[in-house]
$ cat coords18.tsv   # TSV, C-alpha atoms
chain	number	residue	atom	x	y	z
A	21	MET	CA	-1.19	-0.37	-19.70
A	22	THR	CA	-1.07	-4.14	-19.27
A	23	GLY	CA	0.10	-4.91	-15.79
A	24	LEU	CA	2.63	-3.66	-13.35
A	25	LYS	CA	6.32	-4.19	-14.06
A	26	LEU	CA	9.34	-4.23	-11.77
A	27	ALA	CA	10.52	-0.93	-13.25
A	28	ASP	CA	7.15	0.63	-12.36
A	29	SER	CA	7.47	-0.72	-8.83
A	30	ASN	CA	10.92	0.77	-8.44
A	31	ARG	CA	9.68	4.17	-9.68
A	32	ILE	CA	6.83	4.03	-7.18
A	33	ILE	CA	9.20	3.28	-4.30
A	34	GLU	CA	11.69	5.96	-5.36
A	35	ALA	CA	8.95	8.61	-5.60
A	36	ALA	CA	7.40	7.54	-2.27
A	37	PHE	CA	10.79	7.92	-0.59
A	38	ALA	CA	11.29	11.30	-2.27
A	39	ARG	CA	7.94	12.51	-0.93
A	40	ALA	CA	8.85	11.27	2.55
A	41	GLY	CA	12.08	13.28	2.32
A	42	GLU	CA	10.17	16.42	1.28
A	43	LEU	CA	7.84	15.99	4.26
A	44	GLY	CA	10.63	15.14	6.72
A	45	LEU	CA	9.05	11.82	7.69
A	46	LYS	CA	10.42	8.95	9.71
A	47	PRO	CA	12.12	6.13	7.72
A	48	LEU	CA	9.64	4.14	5.65
A	49	GLY	CA	9.18	0.70	4.19
A	50	VAL	CA	7.35	0.48	0.85
A	51	ALA	CA	5.89	-2.72	-0.61
A	52	VAL	CA	4.49	-3.02	-4.14
A	53	LEU	CA	2.23	-5.99	-4.95
A	54	ASP	CA	0.84	-7.04	-8.31
A	55	ALA	CA	-2.90	-7.54	-8.85
A	56	GLY	CA	-2.63	-11.13	-7.59
A	57	GLY	CA	-1.12	-10.04	-4.27
A	58	HIS	CA	2.42	-11.13	-5.12
A	59	LEU	CA	5.33	-8.99	-3.96
A	60	LEU	CA	7.08	-7.22	-6.84
A	61	ALA	CA	9.38	-4.98	-4.82
A	62	PHE	CA	10.10	-3.88	-1.27
A	63	GLN	CA	12.58	-1.40	0.13
A	64	ARG	CA	13.14	-0.17	3.65
A	65	GLN	CA	14.95	3.08	4.32
A	66	ASP	CA	17.93	3.11	6.65
A	67	GLY	CA	16.71	3.33	10.22
A	68	ALA	CA	13.25	1.88	9.56
A	69	SER	CA	12.19	-0.75	12.07
A	70	PHE	CA	12.31	-4.41	11.10
A	71	MET	CA	8.54	-5.03	10.85
A	72	ARG	CA	8.02	-2.44	8.11
A	73	HIS	CA	7.82	-5.14	5.43
A	74	GLU	CA	5.03	-7.06	7.11
A	75	ILE	CA	3.03	-3.91	7.90
A	76	ALA	CA	3.44	-2.31	4.47
A	77	ALA	CA	2.67	-5.56	2.65
A	78	GLY	CA	-0.36	-6.11	4.92
A	79	LYS	CA	-1.77	-2.72	4.02
A	80	ALA	CA	-1.35	-3.40	0.28
A	81	PHE	CA	-2.64	-6.97	0.57
A	82	GLY	CA	-5.78	-5.81	2.39
A	83	ALA	CA	-6.48	-3.21	-0.28
A	84	LEU	CA	-6.23	-5.86	-3.00
A	85	ALA	CA	-8.21	-8.43	-1.03
A	86	ILE	CA	-11.25	-6.22	-0.65
A	87	GLY	CA	-10.83	-4.04	-3.76
A	88	MET	CA	-10.53	-0.72	-1.96
A	89	GLY	CA	-7.84	1.29	-0.23
A	90	SER	CA	-6.92	0.38	3.31
A	91	ARG	CA	-8.47	3.62	4.61
A	92	ALA	CA	-11.90	2.25	3.59
A	93	LEU	CA	-10.94	-1.15	4.97
A	94	GLY	CA	-10.27	0.50	8.32
A	95	ARG	CA	-13.79	1.90	8.33
A	96	ILE	CA	-15.16	-1.57	7.59
A	97	ALA	CA	-13.12	-3.01	10.47
A	98	THR	CA	-14.70	-0.45	12.79
A	99	ASP	CA	-18.26	-0.63	11.44
A	100	ARG	CA	-18.41	-4.39	10.88
A	101	PRO	CA	-16.00	-6.02	13.32
A	102	HIS	CA	-17.39	-9.55	12.85
A	103	PHE	CA	-16.90	-9.33	9.09
A	104	PHE	CA	-13.38	-8.03	9.56
A	105	THR	CA	-12.55	-10.76	12.06
A	106	GLY	CA	-13.63	-13.33	9.47
A	107	LEU	CA	-11.67	-11.58	6.72
A	108	SER	CA	-8.59	-11.50	8.92
A	109	GLY	CA	-9.02	-15.19	9.67
A	110	VAL	CA	-9.35	-16.33	6.07
A	111	SER	CA	-6.35	-14.20	5.08
A	112	GLY	CA	-4.16	-15.78	7.74
A	113	GLY	CA	-3.95	-12.45	9.56
A	114	ARG	CA	-2.21	-10.76	6.64
A	115	ILE	CA	-4.48	-7.71	6.44
A	116	VAL	CA	-3.58	-4.41	8.13
A	117	PRO	CA	-6.69	-2.16	8.08
A	118	VAL	CA	-5.22	1.32	8.43
A	119	PRO	CA	-4.41	4.02	5.83
A	120	GLY	CA	-1.28	3.47	3.79
A	121	GLY	CA	-2.50	0.70	1.46
A	122	VAL	CA	-3.42	2.21	-1.90
A	123	LEU	CA	-4.70	0.49	-5.02
A	124	ILE	CA	-2.85	1.10	-8.28
A	125	ARG	CA	-5.24	1.61	-11.20
A	126	ASP	CA	-4.41	1.84	-14.88
A	127	GLY	CA	-5.89	4.40	-17.26
A	128	GLY	CA	-9.00	2.28	-17.77
A	129	GLY	CA	-9.65	2.00	-14.02
A	130	GLY	CA	-8.46	-1.61	-13.73
A	131	ILE	CA	-6.56	-2.67	-10.63
A	132	VAL	CA	-2.96	-3.58	-11.52
A	133	GLY	CA	-1.59	-3.77	-7.99
A	134	ALA	CA	-1.28	-2.00	-4.67
A	135	VAL	CA	1.29	-0.11	-2.65
A	136	GLY	CA	1.67	-0.33	1.10
A	137	VAL	CA	3.71	2.17	3.06
A	138	SER	CA	4.63	1.99	6.74
A	139	GLY	CA	6.84	4.03	9.02
A	140	ASP	CA	5.23	7.35	9.87
A	141	THR	CA	1.61	8.20	10.65
A	142	SER	CA	-0.90	6.29	8.56
A	143	ASP	CA	-2.02	9.49	6.82
A	144	GLN	CA	1.56	10.36	5.87
A	145	ASP	CA	2.18	6.78	4.75
A	146	GLU	CA	-0.85	7.05	2.47
A	147	ALA	CA	0.34	10.39	1.06
A	148	CYS	CA	3.68	8.81	0.10
A	149	ALA	CA	1.96	5.84	-1.55
A	150	VAL	CA	-0.25	8.17	-3.59
A	151	ALA	CA	2.75	10.28	-4.63
A	152	GLY	CA	4.64	7.18	-5.74
A	153	ILE	CA	1.75	5.80	-7.76
A	154	ARG	CA	1.11	9.11	-9.52
A	155	ALA	CA	4.80	9.61	-10.28
A	156	ALA	CA	4.85	6.25	-12.06
A	157	GLY	CA	1.94	7.29	-14.29
A	158	PHE	CA	-0.84	5.33	-12.61
A	159	HIS	CA	-3.99	6.36	-10.74
A	160	ALA	CA	-4.10	6.04	-6.94
A	161	ASP	CA	-7.20	4.76	-5.13
A	162	ALA	CA	-6.78	5.24	-1.39
A	163	GLY	CA	-10.38	4.37	-0.53

$ encode --input "coords18.tsv" --output "structure tokens"
Amino acid sequence: MTGLKLADSNRIIEAAFARAGELGLKPLGVAVLDAGGHLLAFQRQDGASFMRHEIAAGKAFGALAIGMGSRALGRIATDRPHFFTGLSGVSGGRIVPVPGGVLIRDGGGGIVGAVGVSGDTSDQDEACAVAGIRAAGFHADAG
């Protein structure tokens, strides 16, 4: 597969929302970024708070920036706070280091983008991101 398309992004979001419905979660926001960190698609469910875009995109951006899911990035932020402070600074504060940012890998293991989900607990956000990625035929790397 050669890159992430808008149609893929929309499938990811639709499947993430479906999983949230199955789990009875709070309203979510889902951001899909391409491998260069550019926003391909974002949707926010009715009733989701207004900062969901920034949080979801920050989770995905952080995963792409460091090359691992935001769960692993959260461990780095805890274990190496000076490094994370520097990383946050050079990113303009765009990185959100909690679970819910998941790398999208193609069949060969290459990173084609990332999904960020925000709205419920971080673990549930991550589960919805993984479900969306898998439903679109990609491999999820949550870190």

$ residues_around --input "coords18.tsv" --residues "stretch 37-44 of chain A" --least-positions-apart "5" --cutoff "12 Å" --atoms "only C-alpha atoms" --output "VMD selection string"
chain A and resid 30 to 32 49 to 51 62 to 66 137 to 141 143 to 155

$ write_last_selection --input "coords18.tsv" --atoms "C-alpha atoms" --output "compact mmCIF listing (two decimals), in the coordinates of the input"
# COMPACT_ATOMS: atom_id res chain seq x y z
CA ASN A 30 10.92 0.77 -8.44
CA ARG A 31 9.68 4.17 -9.68
CA ILE A 32 6.83 4.03 -7.18
CA GLY A 49 9.18 0.70 4.19
CA VAL A 50 7.35 0.48 0.85
CA ALA A 51 5.89 -2.72 -0.61
CA PHE A 62 10.10 -3.88 -1.27
CA GLN A 63 12.58 -1.40 0.13
CA ARG A 64 13.14 -0.17 3.65
CA GLN A 65 14.95 3.08 4.32
CA ASP A 66 17.93 3.11 6.65
CA VAL A 137 3.71 2.17 3.06
CA SER A 138 4.63 1.99 6.74
CA GLY A 139 6.84 4.03 9.02
CA ASP A 140 5.23 7.35 9.87
CA THR A 141 1.61 8.20 10.65
CA ASP A 143 -2.02 9.49 6.82
CA GLN A 144 1.56 10.36 5.87
CA ASP A 145 2.18 6.78 4.75
CA GLU A 146 -0.85 7.05 2.47
CA ALA A 147 0.34 10.39 1.06
CA CYS A 148 3.68 8.81 0.10
CA ALA A 149 1.96 5.84 -1.55
CA VAL A 150 -0.25 8.17 -3.59
CA ALA A 151 2.75 10.28 -4.63
CA GLY A 152 4.64 7.18 -5.74
CA ILE A 153 1.75 5.80 -7.76
CA ARG A 154 1.11 9.11 -9.52
CA ALA A 155 4.80 9.61 -10.28

$ closest_residue --input "coords18.tsv" --among "A:Gly113, A:Gly163, A:Gly106, A:Gly133" --to "A:Gly56" --atoms "all atoms listed in the file"
A:Gly133

$ closest_residue --input "coords18.tsv" --among "A:Gly57, A:Ala35, A:Asp126, A:Ala134" --to "A:His159" --atoms "all atoms listed in the file"
A:Asp126

$ residues_around --input "coords18.tsv" --residues "A:Phe81" --least-positions-apart "2" --cutoff "8 Å" --atoms "all atoms listed in the file" --output "PyMOL selection string"
chain A and resi 53+57+77-79+83-85+114-115+121+134+136

$ closest_residue --input "coords18.tsv" --among "A:Pro101, A:Gly127, A:Gly87, A:Pro117" --to "A:Gly23" --atoms "only C-alpha atoms"
A:Gly127

$ closest_residue --input "coords18.tsv" --among "A:Ile86, A:Ile75, A:Leu107, A:Leu48" --to "A:Leu123" --atoms "all atoms listed in the file"
A:Ile86

$ closest_residue --input "coords18.tsv" --among "A:Arg125, A:Arg95, A:Met71, A:Arg100" --to "A:Ala55" --atoms "only C-alpha atoms"
A:Arg125

$ atom_distance --input "coords18.tsv" --atom1 "atom CA of A:Ser90" --atom2 "atom CA of A:Asp161"
9.5 Å

$ closest_residue --input "coords18.tsv" --among "A:Leu60, A:Val118, A:Ala80, A:Ala68" --to "A:Thr98" --atoms "all atoms listed in the file"
A:Val118

$ atom_distance --input "coords18.tsv" --atom1 "atom CA of A:Leu26" --atom2 "atom CA of A:Met88"
22.4 Å

$ atom_distance --input "coords18.tsv" --atom1 "atom CA of A:Leu45" --atom2 "atom CA of A:Gly94"
22.4 Å

$ build_atoms --input "coords18.tsv" --residues "stretch 81-98 of chain A" --atoms "N, CA and C atoms" --output "PDB file, keeping the file's coordinate frame"
ATOM      1  N   PHE A  81      -1.905  -5.721   0.747  1.00  0.00           N
ATOM      2  CA  PHE A  81      -2.640  -6.970   0.570  1.00  0.00           C
ATOM      3  C   PHE A  81      -4.120  -6.784   0.914  1.00  0.00           C
ATOM      4  N   GLY A  82      -4.394  -6.066   2.006  1.00  0.00           N
ATOM      5  CA  GLY A  82      -5.780  -5.810   2.390  1.00  0.00           C
ATOM      6  C   GLY A  82      -6.522  -5.004   1.348  1.00  0.00           C
ATOM      7  N   ALA A  83      -5.851  -4.012   0.768  1.00  0.00           N
ATOM      8  CA  ALA A  83      -6.480  -3.210  -0.280  1.00  0.00           C
ATOM      9  C   ALA A  83      -6.849  -4.085  -1.469  1.00  0.00           C
ATOM     10  N   LEU A  84      -5.948  -4.953  -1.872  1.00  0.00           N
ATOM     11  CA  LEU A  84      -6.230  -5.860  -3.000  1.00  0.00           C
ATOM     12  C   LEU A  84      -7.326  -6.862  -2.651  1.00  0.00           C
ATOM     13  N   ALA A  85      -7.275  -7.383  -1.441  1.00  0.00           N
ATOM     14  CA  ALA A  85      -8.210  -8.430  -1.030  1.00  0.00           C
ATOM     15  C   ALA A  85      -9.656  -7.959  -1.066  1.00  0.00           C
ATOM     16  N   ILE A  86      -9.881  -6.712  -0.748  1.00  0.00           N
ATOM     17  CA  ILE A  86     -11.250  -6.220  -0.650  1.00  0.00           C
ATOM     18  C   ILE A  86     -11.585  -5.270  -1.807  1.00  0.00           C
ATOM     19  N   GLY A  87     -10.587  -4.889  -2.592  1.00  0.00           N
ATOM     20  CA  GLY A  87     -10.830  -4.040  -3.760  1.00  0.00           C
ATOM     21  C   GLY A  87     -11.033  -2.576  -3.431  1.00  0.00           C
ATOM     22  N   MET A  88     -10.459  -2.140  -2.320  1.00  0.00           N
ATOM     23  CA  MET A  88     -10.530  -0.720  -1.960  1.00  0.00           C
ATOM     24  C   MET A  88      -9.335  -0.392  -1.074  1.00  0.00           C
ATOM     25  N   GLY A  89      -8.981   0.868  -1.036  1.00  0.00           N
ATOM     26  CA  GLY A  89      -7.840   1.290  -0.230  1.00  0.00           C
ATOM     27  C   GLY A  89      -8.005   0.917   1.226  1.00  0.00           C
ATOM     28  N   SER A  90      -6.883   0.826   1.918  1.00  0.00           N
ATOM     29  CA  SER A  90      -6.920   0.380   3.310  1.00  0.00           C
ATOM     30  C   SER A  90      -7.586   1.391   4.244  1.00  0.00           C
ATOM     31  N   ARG A  91      -7.717   2.642   3.813  1.00  0.00           N
ATOM     32  CA  ARG A  91      -8.470   3.620   4.610  1.00  0.00           C
ATOM     33  C   ARG A  91      -9.931   3.153   4.717  1.00  0.00           C
ATOM     34  N   ALA A  92     -10.517   2.760   3.583  1.00  0.00           N
ATOM     35  CA  ALA A  92     -11.900   2.250   3.590  1.00  0.00           C
ATOM     36  C   ALA A  92     -11.981   0.938   4.356  1.00  0.00           C
ATOM     37  N   LEU A  93     -10.967   0.119   4.235  1.00  0.00           N
ATOM     38  CA  LEU A  93     -10.940  -1.150   4.970  1.00  0.00           C
ATOM     39  C   LEU A  93     -10.943  -0.912   6.474  1.00  0.00           C
ATOM     40  N   GLY A  94     -10.261   0.139   6.901  1.00  0.00           N
ATOM     41  CA  GLY A  94     -10.270   0.500   8.320  1.00  0.00           C
ATOM     42  C   GLY A  94     -11.656   0.866   8.805  1.00  0.00           C
ATOM     43  N   ARG A  95     -12.410   1.568   7.956  1.00  0.00           N
ATOM     44  CA  ARG A  95     -13.790   1.900   8.330  1.00  0.00           C
ATOM     45  C   ARG A  95     -14.634   0.640   8.438  1.00  0.00           C
ATOM     46  N   ILE A  96     -14.420  -0.304   7.534  1.00  0.00           N
ATOM     47  CA  ILE A  96     -15.160  -1.570   7.590  1.00  0.00           C
ATOM     48  C   ILE A  96     -14.820  -2.314   8.886  1.00  0.00           C
ATOM     49  N   ALA A  97     -13.542  -2.320   9.242  1.00  0.00           N
ATOM     50  CA  ALA A  97     -13.120  -3.010  10.470  1.00  0.00           C
ATOM     51  C   ALA A  97     -13.809  -2.423  11.696  1.00  0.00           C
ATOM     52  N   THR A  98     -14.032  -1.115  11.680  1.00  0.00           N
ATOM     53  CA  THR A  98     -14.700  -0.450  12.790  1.00  0.00           C
ATOM     54  C   THR A  98     -16.211  -0.679  12.762  1.00  0.00           C
TER      55      THR A  98
END
